[in-house]
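Have a look at the structure below before the remarks.
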Amino acid sequence: MDTTPAQSSELTRRQFLKVALASGVMAATGLGVMQWRQQPRMKASTFIGQADSYDIDLRSILASGFQELGVTPSEIHGKRILLKPNLVETHVESAHINTHPLLIRAAIEAFLGLGAALVIVGEGPGHRRDTLQILEESGLAQVLYDDHIRFVDLNEGGGYSITNQGSQTGLANLTFPAIFQEIDWIVSLAKLKTHHWAGVTLSMKNLFGVMPGMFYGWPKNVLHHMGIHESILDITATLKPHFAIVDGIIGMEGDGPIMGTPVHTGVLVMGRNLPAVDATCSRLMGINPHKIGYLETASNWLGPIHDSAIQQRGELVSALRKDFLLLDHIPTYDGLRLQS
Amino acid sequence: MTNLNDLMERHVSTGGFANEMGGAPQAEATAWALCILQHQHRGQRTAPFHSDHTFLKSRQLEDGRVPIAPNHPEAVWPTPLAILAWHGSSEYRPQQDRAIQFLLTQYGHHWTRDPEQDDSVVAHDPSLHGWPWISHTHSWVSPTTHAMLALTITGHGEHERVQEGAEMLIDRQLPHGGWNYGNTFVWGQELRPFPETTGMTLNALAGRVPRSRISRSLDYLLLQLPDLQTPLALGWTLLGLSAWSIHPAQKSALITRCLQQQERYGPYMTSAYCLLLAAAIATMGLESLFDMSNSSQHATLGNT
């Protein structure tokens, strides 16, 4: 994942401690080491595009985002891209559960427009093994069929194991779908939703769907057993996805990620750094990212989440913020609300 | 309707079946393929599938489990399918017995609620033992139904583990009918059912509970049936209905439509394809594919 190193004018931790100890500045200012450690060091950019519906020219909005974030044709040319949407379950009048097929189509077109050699779509739904049925009922099957785009069921097929880079769950290795060995860029194409266990489900939680069900079960038992926040961090740290796009045109509030209610937010959020993207999404939802366990742990490790460390491109959070419903009877949501 | 040539195209020359055309042999695909092929060759004196049985045998571990991949011994869920694949083959009876013994001693992660301090947000009873997908995790609907069917077909249907599995499944039934992966309520909201898990559960419960206890689930499946066009959902729905003596008039047409959908999706995975073939052949649930006449010989194994 891409992050911008701290600016050269910023003191390194070693330099700061040396100066502080010599001058007694810590005592004089009351700035303790722990507080210092909370200061932003990593930096990243995220893009917010306004998109009122799925029927508008979404590809142009994505193209604007790419431009603002420095994703150029020379970077994408010849690359093999895997888009990983959020497909969980499908039900009549519950289209807000899943990444919308028209956004997936726009992302395919946008990456091909930048010169990608190949764009495929892959997902390993967490609840149902019948992925084809989900594709059909979500409307994605028709889009992929019409556009001649390959779909890969990430729950099935072989896998390859690599050392867990996150050390949060205690799992020594993580097994990813074999197809990833043929891919240059992995894009988390997530949905803007509350989550009754994790607080939010955005580009990082969406990565649960890359873990093959044949090795992790349905629902992804092993990951739930080892801890949701811990698993999110380990997967992100090990897989190192390259980009995130979050579908916030219609999100889900309340009892997400399945049983919540639709909320029109009218945004697309993009970025190279997943914690930064999720932090921006959280703020758009009126949720304090520092109160989301996995994001707070990811801060300054996998990416920045402090608002001063995220360079905001496109629209402003303050202009488009819409406070998502946080239900009182779900303790996960206690204290998550971002103060204005 | 049942084209075994398509199936044989997934056969690997060294033994076993791949789940996808051109792939490596895989335990689940091989087990399902053997179930279908042995049914088609039932009554013949020599079983022509020695190398495929041997492949499954090579995947079995010391304690009897048959995991989906050698480097994931905890992914034990194909074990019931291997039991079915070895059913009726005296040569592989020792392997089958070890797999059965493994199932009977495999519990997963369970706990008992403390009624004084129960702040759980899920509604089901977590103390009821079924079977997990992955060792040391909780029991869920699919692996439990597969284990119950395998044990029943091999003569262990009266074992206490199977009876408790049935209790667990009834406990996980959604009030409005059907089953999903195995949760009923979370934070007070009733979750939604899936056709495939509802079908397999009805198949596993046939003959174990009165019809009145599952009638809403049958109604749910019948409502879904006309729209189903994928092999997992349609296959298990038809098997579940037939286990309860419901034989939809449109069965052949639905299977044909589902097979034709491969023009849209590409070739189905071997396991899903075989499931659809099983649904086409079966007259009374999955059990009707198997010769259960010698199952009673097994029956004492797990009760000792």
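Naming works like this for the structure tokens: A, B, ... for the chains as they're shown, residue 1 at the start of each chain, ligands 1 onward in shown order.
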
Return the neighbours of chain B among the residues of chain A, cut-off 7 Å, counting only C-alpha atoms, as a compact mmCIF listing (two decimals) with all heavy atoms, in the first residue's frame.
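Okay, iface13.txt is ready:
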```
# COMPACT_ATOMS: atom_id res chain seq x y z
N HIS A 127 -21.22 -15.61 3.40
CA HIS A 127 -22.33 -16.35 3.99
C HIS A 127 -22.81 -17.50 3.12
O HIS A 127 -23.25 -18.52 3.63
CB HIS A 127 -23.52 -15.40 4.24
CG HIS A 127 -23.23 -14.39 5.30
ND1 HIS A 127 -24.12 -13.41 5.65
CD2 HIS A 127 -22.15 -14.20 6.10
CE1 HIS A 127 -23.60 -12.66 6.62
NE2 HIS A 127 -22.41 -13.12 6.90
N ARG A 128 -22.77 -17.31 1.82
CA ARG A 128 -23.34 -18.31 0.91
C ARG A 128 -22.27 -18.92 0.04
O ARG A 128 -21.40 -18.21 -0.49
CB ARG A 128 -24.39 -17.66 -0.02
CG ARG A 128 -25.64 -17.23 0.66
CD ARG A 128 -26.66 -16.75 -0.35
NE ARG A 128 -27.20 -17.84 -1.15
CZ ARG A 128 -28.22 -17.69 -1.99
NH1 ARG A 128 -28.78 -16.50 -2.14
NH2 ARG A 128 -28.68 -18.72 -2.68
N ASP A 130 -23.20 -20.45 -2.71
CA ASP A 130 -23.72 -20.34 -4.07
C ASP A 130 -23.44 -18.94 -4.62
O ASP A 130 -24.33 -18.09 -4.72
CB ASP A 130 -25.22 -20.64 -4.10
CG ASP A 130 -25.71 -20.88 -5.52
OD1 ASP A 130 -24.99 -20.48 -6.47
OD2 ASP A 130 -26.80 -21.44 -5.69
N LEU A 132 -22.77 -18.06 -7.63
CA LEU A 132 -23.47 -17.77 -8.89
C LEU A 132 -24.84 -17.16 -8.63
O LEU A 132 -25.28 -16.25 -9.33
CB LEU A 132 -23.61 -19.04 -9.72
CG LEU A 132 -22.34 -19.60 -10.35
CD1 LEU A 132 -22.65 -20.90 -11.07
CD2 LEU A 132 -21.71 -18.59 -11.30
N GLN A 133 -25.52 -17.68 -7.61
CA GLN A 133 -26.85 -17.16 -7.29
C GLN A 133 -26.76 -15.69 -6.84
O GLN A 133 -27.60 -14.87 -7.20
CB GLN A 133 -27.48 -18.02 -6.19
CG GLN A 133 -28.92 -17.68 -5.83
CD GLN A 133 -29.93 -18.28 -6.80
OE1 GLN A 133 -29.55 -19.00 -7.71
NE2 GLN A 133 -31.19 -17.97 -6.62
N TYR A 145 -21.50 -10.57 -18.05
CA TYR A 145 -21.77 -11.31 -19.29
C TYR A 145 -21.79 -10.35 -20.48
O TYR A 145 -21.17 -10.61 -21.51
CB TYR A 145 -23.11 -12.04 -19.15
CG TYR A 145 -23.47 -12.89 -20.33
CD1 TYR A 145 -22.80 -14.09 -20.59
CD2 TYR A 145 -24.50 -12.51 -21.19
CE1 TYR A 145 -23.14 -14.88 -21.67
CE2 TYR A 145 -24.84 -13.30 -22.27
CZ TYR A 145 -24.17 -14.48 -22.51
OH TYR A 145 -24.51 -15.26 -23.59
N PHE A 215 -10.97 -22.88 2.89
CA PHE A 215 -9.97 -22.98 3.96
C PHE A 215 -10.43 -22.26 5.24
O PHE A 215 -9.87 -22.51 6.31
CB PHE A 215 -8.64 -22.38 3.52
CG PHE A 215 -8.10 -22.97 2.25
CD1 PHE A 215 -7.75 -22.16 1.19
CD2 PHE A 215 -7.95 -24.34 2.13
CE1 PHE A 215 -7.26 -22.71 0.01
CE2 PHE A 215 -7.46 -24.90 0.95
CZ PHE A 215 -7.11 -24.08 -0.11
N TYR A 216 -11.37 -21.35 5.12
CA TYR A 216 -11.78 -20.55 6.28
C TYR A 216 -13.26 -20.73 6.64
O TYR A 216 -13.70 -20.24 7.66
CB TYR A 216 -11.48 -19.06 6.01
CG TYR A 216 -9.98 -18.80 5.95
CD1 TYR A 216 -9.31 -18.84 4.74
CD2 TYR A 216 -9.24 -18.58 7.10
CE1 TYR A 216 -7.93 -18.64 4.67
CE2 TYR A 216 -7.88 -18.38 7.06
CZ TYR A 216 -7.22 -18.41 5.83
OH TYR A 216 -5.86 -18.23 5.79
N GLY A 217 -14.02 -21.44 5.80
CA GLY A 217 -15.41 -21.76 6.11
C GLY A 217 -16.39 -20.67 5.68
O GLY A 217 -16.02 -19.62 5.17
N TRP A 218 -17.69 -20.99 5.89
CA TRP A 218 -18.79 -20.04 5.60
C TRP A 218 -19.67 -19.96 6.84
O TRP A 218 -20.29 -20.99 7.17
CB TRP A 218 -19.63 -20.53 4.43
CG TRP A 218 -19.00 -20.45 3.10
CD1 TRP A 218 -19.13 -19.43 2.19
CD2 TRP A 218 -18.19 -21.45 2.45
NE1 TRP A 218 -18.44 -19.76 1.04
CE2 TRP A 218 -17.85 -20.97 1.18
CE3 TRP A 218 -17.70 -22.69 2.85
CZ2 TRP A 218 -17.06 -21.69 0.28
CZ3 TRP A 218 -16.91 -23.42 1.97
CH2 TRP A 218 -16.60 -22.92 0.70
N ASN A 221 -15.34 -18.64 9.36
CA ASN A 221 -15.31 -19.00 10.78
C ASN A 221 -13.99 -18.69 11.46
O ASN A 221 -13.95 -18.20 12.57
CB ASN A 221 -15.54 -20.51 10.93
CG ASN A 221 -16.76 -20.97 10.18
OD1 ASN A 221 -17.85 -20.58 10.51
ND2 ASN A 221 -16.57 -21.79 9.17
N VAL A 222 -12.92 -19.05 10.79
CA VAL A 222 -11.61 -18.90 11.41
C VAL A 222 -11.35 -17.43 11.74
O VAL A 222 -10.84 -17.10 12.81
CB VAL A 222 -10.52 -19.44 10.47
CG1 VAL A 222 -9.14 -19.25 11.08
CG2 VAL A 222 -10.77 -20.92 10.17
N HIS A 225 -13.41 -16.33 14.60
CA HIS A 225 -12.90 -16.98 15.80
C HIS A 225 -11.64 -16.29 16.31
O HIS A 225 -11.41 -16.19 17.52
CB HIS A 225 -12.61 -18.45 15.47
CG HIS A 225 -12.44 -19.34 16.65
ND1 HIS A 225 -13.47 -19.65 17.50
CD2 HIS A 225 -11.36 -19.98 17.13
CE1 HIS A 225 -13.03 -20.45 18.45
NE2 HIS A 225 -11.74 -20.65 18.26
N ILE A 330 -27.17 -1.64 20.07
CA ILE A 330 -25.98 -2.36 19.62
C ILE A 330 -24.76 -1.71 20.27
O ILE A 330 -24.33 -0.62 19.87
CB ILE A 330 -25.86 -2.36 18.08
CG1 ILE A 330 -27.08 -3.04 17.46
CG2 ILE A 330 -24.56 -3.01 17.63
CD1 ILE A 330 -27.11 -3.10 15.95
```

Spatial neighbours of Ala244 (chain A), 10 Å, only C-alpha atoms, chain gap at least 4 places, as a PyMOL selection string: chain A and resi 46+83-84+186-190+202-204+269-278

Requested write-out: C-alpha atoms of the selected residues, as a short mmCIF file (atom, residue, chain, number, x, y, z; two decimals), in the first residue's frame:
```
data_model
loop_
_atom_site.label_atom_id
_atom_site.label_comp_id
_atom_site.auth_asym_id
_atom_site.auth_seq_id
_atom_site.Cartn_x
_atom_site.Cartn_y
_atom_site.Cartn_z
CA THR A 46 -8.06 10.31 -0.50
CA LEU A 83 -11.64 -5.80 -8.56
CA LYS A 84 -12.98 -7.19 -5.31
CA ILE A 186 -5.86 -5.68 -6.12
CA VAL A 187 -8.62 -3.13 -5.73
CA SER A 188 -11.04 -3.28 -2.81
CA LEU A 189 -14.35 -2.14 -4.29
CA ALA A 190 -16.26 -1.86 -1.06
CA LEU A 202 -15.40 -0.44 4.32
CA SER A 203 -12.37 -1.19 2.15
CA MET A 204 -10.45 -3.15 4.81
CA VAL A 269 -14.37 7.54 -1.97
CA MET A 270 -11.04 6.50 -3.47
CA GLY A 271 -7.45 6.18 -2.43
CA ARG A 272 -4.27 4.16 -2.50
CA ASN A 273 -4.09 3.72 1.26
CA LEU A 274 -6.89 1.64 2.77
CA PRO A 275 -6.80 2.91 6.36
CA ALA A 276 -6.89 6.49 5.07
CA VAL A 277 -9.84 5.67 2.79
CA ASP A 278 -11.70 3.99 5.64
#
```

Out of A:His290, A:Ile249, A:Asp234, A:Pro212, which residue has the shortest atom-to-atom distance to Ala172 (chain A) when counting only C-alpha atoms?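 Under the stated criterion, the closest residue is A:Asp234.
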
For Thr169 (chain A), which residue among A:Arg129, A:His148, A:His229, A:His306 is the nearest when counting only C-alpha atoms? A:His229

Report, in Å to a single decimal, how far apart CA of Ala85 (chain B) and CA of His39 (chain B) are.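 Distance between the two atoms: 10.1 Å.
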
What does the structure give for the distance between CA of Ile97 (chain A) and CA of Asp328 (chain A), in Å to one decimal?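 These atoms are spaced 21.3 Å apart.
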
Using only C-alpha atoms, which residues sit within 6 Å of Asn203 (chain B) once same-chain residues fewer than 4 positions away are excluded, as a list in words? Gly240, Ala243 and Gly285 of chain B

Can you tell me, as number ranges by chain, which residues in region 51-211 of chain A count as alpha helix (DSSP H) by DSSP? A: 58-68, 73-76, 101-113, 131-138, 140-147

What is the distance, in Å and to one decimal place, between CA of Ile36 (chain B) and CA of Ala278 (chain B)?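 Those two atoms sit 6.7 Å apart.
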
Which residues are close to region 273-277 of chain B, i.e. within 12 Å by only C-alpha atoms, leaving aside same-chain residues fewer than 5 positions away? Reply as number ranges by chain. B: 1-4, 6-8, 10, 17-21, 28-37, 39-40, 81, 196, 199-200, 229-239, 251-252, 254-262, 266-268, 282-283, 285-286, 289

Have a look at A:Leu223, A:Ile149, A:Ile287, A:Val246 and name the one nearest to Ser340 (chain A); count only C-alpha atoms.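 Closest to Ser340 (chain A) of all the choices is A:Ile287.
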
Mind checking DSSP for region 59-239 of chain A and telling me the strand (DSSP E or B) residues as a PyMOL selection string? chain A and resi 80-85+118-123+151-153+159-163+173-177+185-195+199-201

Filtering to N, CA and C atoms, could you give me those residues as an mmCIF file, in the first residue's frame?
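New file result02.cif:
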```cif
data_model
loop_
_atom_site.group_PDB
_atom_site.id
_atom_site.type_symbol
_atom_site.label_atom_id
_atom_site.label_comp_id
_atom_site.auth_asym_id
_atom_site.auth_seq_id
_atom_site.Cartn_x
_atom_site.Cartn_y
_atom_site.Cartn_z
ATOM 1 N N ARG A 80 -2.533 -6.256 -14.706
ATOM 2 C CA ARG A 80 -3.686 -7.139 -14.530
ATOM 3 C C ARG A 80 -4.337 -6.755 -13.208
ATOM 4 N N ILE A 81 -5.601 -6.338 -13.310
ATOM 5 C CA ILE A 81 -6.293 -5.756 -12.156
ATOM 6 C C ILE A 81 -7.387 -6.722 -11.689
ATOM 7 N N LEU A 82 -7.465 -6.898 -10.388
ATOM 8 C CA LEU A 82 -8.595 -7.656 -9.830
ATOM 9 C C LEU A 82 -9.440 -6.717 -8.984
ATOM 10 N N LEU A 83 -10.699 -6.601 -9.336
ATOM 11 C CA LEU A 83 -11.644 -5.802 -8.556
ATOM 12 C C LEU A 83 -12.362 -6.723 -7.592
ATOM 13 N N LYS A 84 -12.346 -6.346 -6.324
ATOM 14 C CA LYS A 84 -12.977 -7.190 -5.311
ATOM 15 C C LYS A 84 -14.172 -6.430 -4.726
ATOM 16 N N PRO A 85 -15.365 -6.644 -5.290
ATOM 17 C CA PRO A 85 -16.554 -5.963 -4.758
ATOM 18 C C PRO A 85 -17.010 -6.596 -3.449
ATOM 19 N N LEU A 118 -5.767 -6.379 -18.330
ATOM 20 C CA LEU A 118 -6.838 -7.303 -17.957
ATOM 21 C C LEU A 118 -7.520 -6.777 -16.703
ATOM 22 N N VAL A 119 -8.839 -6.832 -16.685
ATOM 23 C CA VAL A 119 -9.578 -6.549 -15.455
ATOM 24 C C VAL A 119 -10.494 -7.729 -15.197
ATOM 25 N N ILE A 120 -10.366 -8.331 -14.041
ATOM 26 C CA ILE A 120 -11.284 -9.398 -13.662
ATOM 27 C C ILE A 120 -11.946 -9.027 -12.332
ATOM 28 N N VAL A 121 -13.056 -9.650 -12.066
ATOM 29 C CA VAL A 121 -13.793 -9.402 -10.833
ATOM 30 C C VAL A 121 -13.752 -10.678 -10.003
ATOM 31 N N GLY A 122 -13.432 -10.560 -8.745
ATOM 32 C CA GLY A 122 -13.366 -11.734 -7.874
ATOM 33 C C GLY A 122 -13.968 -11.450 -6.516
ATOM 34 N N GLU A 123 -14.669 -12.439 -5.997
ATOM 35 C CA GLU A 123 -15.265 -12.305 -4.662
ATOM 36 C C GLU A 123 -15.488 -13.699 -4.087
ATOM 37 N N PHE A 151 -15.188 -13.570 -14.110
ATOM 38 C CA PHE A 151 -15.404 -13.556 -12.666
ATOM 39 C C PHE A 151 -14.703 -14.766 -12.055
ATOM 40 N N VAL A 152 -14.091 -14.560 -10.901
ATOM 41 C CA VAL A 152 -13.439 -15.658 -10.184
ATOM 42 C C VAL A 152 -14.070 -15.785 -8.802
ATOM 43 N N ASP A 153 -14.519 -16.999 -8.495
ATOM 44 C CA ASP A 153 -15.058 -17.263 -7.156
ATOM 45 C C ASP A 153 -13.872 -17.502 -6.221
ATOM 46 N N GLY A 159 -5.128 -22.311 -3.383
ATOM 47 C CA GLY A 159 -4.646 -21.159 -2.634
ATOM 48 C C GLY A 159 -3.149 -21.234 -2.459
ATOM 49 N N TYR A 160 -2.564 -20.149 -2.038
ATOM 50 C CA TYR A 160 -1.139 -20.148 -1.678
ATOM 51 C C TYR A 160 -1.001 -19.474 -0.323
ATOM 52 N N SER A 161 -0.115 -20.020 0.488
ATOM 53 C CA SER A 161 0.034 -19.519 1.860
ATOM 54 C C SER A 161 1.301 -18.693 1.986
ATOM 55 N N ILE A 162 1.184 -17.604 2.701
ATOM 56 C CA ILE A 162 2.365 -16.786 2.980
ATOM 57 C C ILE A 162 2.351 -16.395 4.461
ATOM 58 N N THR A 163 3.484 -15.986 4.944
ATOM 59 C CA THR A 163 3.613 -15.620 6.350
ATOM 60 C C THR A 163 2.719 -14.430 6.665
ATOM 61 N N ASN A 173 0.266 -18.196 9.168
ATOM 62 C CA ASN A 173 0.190 -17.978 7.717
ATOM 63 C C ASN A 173 -1.225 -17.584 7.324
ATOM 64 N N LEU A 174 -1.325 -16.946 6.207
ATOM 65 C CA LEU A 174 -2.636 -16.685 5.606
ATOM 66 C C LEU A 174 -2.631 -17.299 4.211
ATOM 67 N N THR A 175 -3.767 -17.876 3.835
ATOM 68 C CA THR A 175 -3.883 -18.490 2.510
ATOM 69 C C THR A 175 -4.791 -17.635 1.630
ATOM 70 N N PHE A 176 -4.245 -17.205 0.520
ATOM 71 C CA PHE A 176 -4.987 -16.370 -0.425
ATOM 72 C C PHE A 176 -5.307 -17.176 -1.692
ATOM 73 N N PRO A 177 -6.282 -16.702 -2.464
ATOM 74 C CA PRO A 177 -6.634 -17.423 -3.694
ATOM 75 C C PRO A 177 -5.469 -17.460 -4.686
ATOM 76 N N TRP A 185 -2.531 -5.748 -9.509
ATOM 77 C CA TRP A 185 -3.185 -4.771 -8.637
ATOM 78 C C TRP A 185 -4.466 -5.375 -8.066
ATOM 79 N N ILE A 186 -4.615 -5.257 -6.765
ATOM 80 C CA ILE A 186 -5.858 -5.684 -6.124
ATOM 81 C C ILE A 186 -6.593 -4.433 -5.649
ATOM 82 N N VAL A 187 -7.829 -4.309 -6.065
ATOM 83 C CA VAL A 187 -8.624 -3.130 -5.732
ATOM 84 C C VAL A 187 -9.808 -3.560 -4.871
ATOM 85 N N SER A 188 -9.879 -3.014 -3.671
ATOM 86 C CA SER A 188 -11.040 -3.277 -2.806
ATOM 87 C C SER A 188 -12.161 -2.335 -3.218
ATOM 88 N N LEU A 189 -13.229 -2.918 -3.760
ATOM 89 C CA LEU A 189 -14.354 -2.139 -4.287
ATOM 90 C C LEU A 189 -15.530 -2.305 -3.321
ATOM 91 N N ALA A 190 -15.437 -1.580 -2.234
ATOM 92 C CA ALA A 190 -16.264 -1.862 -1.057
ATOM 93 C C ALA A 190 -17.566 -1.059 -1.038
ATOM 94 N N LYS A 191 -18.329 -1.273 -0.008
ATOM 95 C CA LYS A 191 -19.610 -0.594 0.206
ATOM 96 C C LYS A 191 -19.525 0.196 1.510
ATOM 97 N N LEU A 192 -20.211 1.321 1.551
ATOM 98 C CA LEU A 192 -20.209 2.184 2.742
ATOM 99 C C LEU A 192 -21.314 1.707 3.691
ATOM 100 N N LYS A 193 -20.910 0.984 4.755
ATOM 101 C CA LYS A 193 -21.937 0.396 5.628
ATOM 102 C C LYS A 193 -21.486 0.412 7.088
ATOM 103 N N THR A 194 -22.455 0.476 7.946
ATOM 104 C CA THR A 194 -22.180 0.182 9.346
ATOM 105 C C THR A 194 -22.048 -1.344 9.492
ATOM 106 N N HIS A 195 -21.434 -1.741 10.609
ATOM 107 C CA HIS A 195 -21.256 -3.180 10.846
ATOM 108 C C HIS A 195 -21.461 -3.452 12.337
ATOM 109 N N GLY A 199 -18.239 -2.050 13.762
ATOM 110 C CA GLY A 199 -18.526 -0.611 13.726
ATOM 111 C C GLY A 199 -18.802 -0.140 12.319
ATOM 112 N N VAL A 200 -17.839 -0.371 11.430
ATOM 113 C CA VAL A 200 -18.029 -0.044 10.019
ATOM 114 C C VAL A 200 -17.498 -1.202 9.182
ATOM 115 N N THR A 201 -18.008 -1.334 7.971
ATOM 116 C CA THR A 201 -17.387 -2.225 6.993
ATOM 117 C C THR A 201 -17.117 -1.408 5.752
#
```

Could you name the residues that touch region 204-219 of chain B at 6 Å or less, counting only C-alpha atoms, but leaving out those on the same chain fewer than 4 positions away, as a list in words?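 The filter keeps Thr145, Leu149, Gly177, Gly178 and Ala243 of chain B.
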
Extract, using only C-alpha atoms, all DNA, RNA and protein residues at most 9 Å from Glu68 (chain A), discarding same-chain residues fewer than 2 positions from it, and format them as a list in words.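 Here the qualifying residues turn out to be Ser45, Thr46, Phe47, Ala63, Ser64, Gly65, Phe66, Gly70, Val71, Arg313 and Gly314 of chain A.
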
Hey, can you spit out that residue selection with all heavy atoms as a PDB file, in the first residue's frame?
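See out.pdb below for the written result:
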```
ATOM      1  N   SER A  45      -3.390  10.480   0.572  1.00  0.00           N
ATOM      2  CA  SER A  45      -4.456  11.276  -0.031  1.00  0.00           C
ATOM      3  C   SER A  45      -5.672  10.404  -0.291  1.00  0.00           C
ATOM      4  O   SER A  45      -5.538   9.230  -0.659  1.00  0.00           O
ATOM      5  CB  SER A  45      -3.987  11.861  -1.373  1.00  0.00           C
ATOM      6  OG  SER A  45      -2.888  12.709  -1.186  1.00  0.00           O
ATOM      7  N   THR A  46      -6.831  10.991  -0.083  1.00  0.00           N
ATOM      8  CA  THR A  46      -8.057  10.311  -0.505  1.00  0.00           C
ATOM      9  C   THR A  46      -8.880  11.272  -1.351  1.00  0.00           C
ATOM     10  O   THR A  46      -8.757  12.501  -1.229  1.00  0.00           O
ATOM     11  CB  THR A  46      -8.909   9.832   0.690  1.00  0.00           C
ATOM     12  OG1 THR A  46      -9.269  10.946   1.494  1.00  0.00           O
ATOM     13  CG2 THR A  46      -8.145   8.836   1.539  1.00  0.00           C
ATOM     14  N   PHE A  47      -9.708  10.702  -2.171  1.00  0.00           N
ATOM     15  CA  PHE A  47     -10.550  11.495  -3.075  1.00  0.00           C
ATOM     16  C   PHE A  47     -12.010  11.212  -2.758  1.00  0.00           C
ATOM     17  O   PHE A  47     -12.403  10.055  -2.612  1.00  0.00           O
ATOM     18  CB  PHE A  47     -10.257  11.110  -4.525  1.00  0.00           C
ATOM     19  CG  PHE A  47     -11.202  11.737  -5.525  1.00  0.00           C
ATOM     20  CD1 PHE A  47     -11.011  13.031  -5.994  1.00  0.00           C
ATOM     21  CD2 PHE A  47     -12.301  11.013  -5.999  1.00  0.00           C
ATOM     22  CE1 PHE A  47     -11.883  13.586  -6.908  1.00  0.00           C
ATOM     23  CE2 PHE A  47     -13.184  11.563  -6.912  1.00  0.00           C
ATOM     24  CZ  PHE A  47     -12.977  12.855  -7.371  1.00  0.00           C
ATOM     25  N   ALA A  63     -12.437   8.566 -13.046  1.00  0.00           N
ATOM     26  CA  ALA A  63     -11.274   9.106 -13.777  1.00  0.00           C
ATOM     27  C   ALA A  63     -10.741  10.367 -13.095  1.00  0.00           C
ATOM     28  O   ALA A  63      -9.524  10.560 -12.994  1.00  0.00           O
ATOM     29  CB  ALA A  63     -11.674   9.400 -15.221  1.00  0.00           C
ATOM     30  N   SER A  64     -11.653  11.192 -12.590  1.00  0.00           N
ATOM     31  CA  SER A  64     -11.218  12.392 -11.852  1.00  0.00           C
ATOM     32  C   SER A  64     -10.443  11.984 -10.605  1.00  0.00           C
ATOM     33  O   SER A  64      -9.418  12.589 -10.265  1.00  0.00           O
ATOM     34  CB  SER A  64     -12.433  13.241 -11.441  1.00  0.00           C
ATOM     35  OG  SER A  64     -13.117  13.674 -12.574  1.00  0.00           O
ATOM     36  N   GLY A  65     -10.958  10.965  -9.946  1.00  0.00           N
ATOM     37  CA  GLY A  65     -10.277  10.477  -8.751  1.00  0.00           C
ATOM     38  C   GLY A  65      -8.885   9.959  -9.065  1.00  0.00           C
ATOM     39  O   GLY A  65      -7.924  10.260  -8.345  1.00  0.00           O
ATOM     40  N   PHE A  66      -8.784   9.194 -10.125  1.00  0.00           N
ATOM     41  CA  PHE A  66      -7.461   8.684 -10.523  1.00  0.00           C
ATOM     42  C   PHE A  66      -6.491   9.839 -10.773  1.00  0.00           C
ATOM     43  O   PHE A  66      -5.340   9.814 -10.357  1.00  0.00           O
ATOM     44  CB  PHE A  66      -7.577   7.826 -11.783  1.00  0.00           C
ATOM     45  CG  PHE A  66      -8.220   6.472 -11.553  1.00  0.00           C
ATOM     46  CD1 PHE A  66      -9.019   5.882 -12.520  1.00  0.00           C
ATOM     47  CD2 PHE A  66      -8.017   5.781 -10.368  1.00  0.00           C
ATOM     48  CE1 PHE A  66      -9.598   4.643 -12.325  1.00  0.00           C
ATOM     49  CE2 PHE A  66      -8.593   4.532 -10.154  1.00  0.00           C
ATOM     50  CZ  PHE A  66      -9.392   3.966 -11.141  1.00  0.00           C
ATOM     51  N   GLY A  70      -3.088  10.716  -8.728  1.00  0.00           N
ATOM     52  CA  GLY A  70      -1.852  10.410  -9.449  1.00  0.00           C
ATOM     53  C   GLY A  70      -1.783   9.016 -10.028  1.00  0.00           C
ATOM     54  O   GLY A  70      -0.692   8.482 -10.243  1.00  0.00           O
ATOM     55  N   VAL A  71      -2.943   8.438 -10.264  1.00  0.00           N
ATOM     56  CA  VAL A  71      -2.968   7.131 -10.932  1.00  0.00           C
ATOM     57  C   VAL A  71      -2.992   7.402 -12.434  1.00  0.00           C
ATOM     58  O   VAL A  71      -3.995   7.867 -12.971  1.00  0.00           O
ATOM     59  CB  VAL A  71      -4.204   6.307 -10.509  1.00  0.00           C
ATOM     60  CG1 VAL A  71      -4.217   4.955 -11.213  1.00  0.00           C
ATOM     61  CG2 VAL A  71      -4.224   6.117  -8.997  1.00  0.00           C
ATOM     62  N   ARG A 313      -8.822  15.261  -1.349  1.00  0.00           N
ATOM     63  CA  ARG A 313      -9.001  15.725  -2.738  1.00  0.00           C
ATOM     64  C   ARG A 313     -10.470  15.623  -3.094  1.00  0.00           C
ATOM     65  O   ARG A 313     -11.212  14.847  -2.508  1.00  0.00           O
ATOM     66  CB  ARG A 313      -8.188  14.855  -3.683  1.00  0.00           C
ATOM     67  CG  ARG A 313      -6.739  14.685  -3.260  1.00  0.00           C
ATOM     68  CD  ARG A 313      -5.840  15.422  -4.182  1.00  0.00           C
ATOM     69  NE  ARG A 313      -4.444  15.288  -3.786  1.00  0.00           N
ATOM     70  CZ  ARG A 313      -3.491  16.060  -4.253  1.00  0.00           C
ATOM     71  NH1 ARG A 313      -3.786  17.041  -5.096  1.00  0.00           N
ATOM     72  NH2 ARG A 313      -2.243  15.884  -3.882  1.00  0.00           N
ATOM     73  N   GLY A 314     -10.867  16.379  -4.085  1.00  0.00           N
ATOM     74  CA  GLY A 314     -12.260  16.360  -4.505  1.00  0.00           C
ATOM     75  C   GLY A 314     -13.128  17.131  -3.531  1.00  0.00           C
ATOM     76  O   GLY A 314     -12.796  18.246  -3.123  1.00  0.00           O
TER      77      GLY A 314
END
```
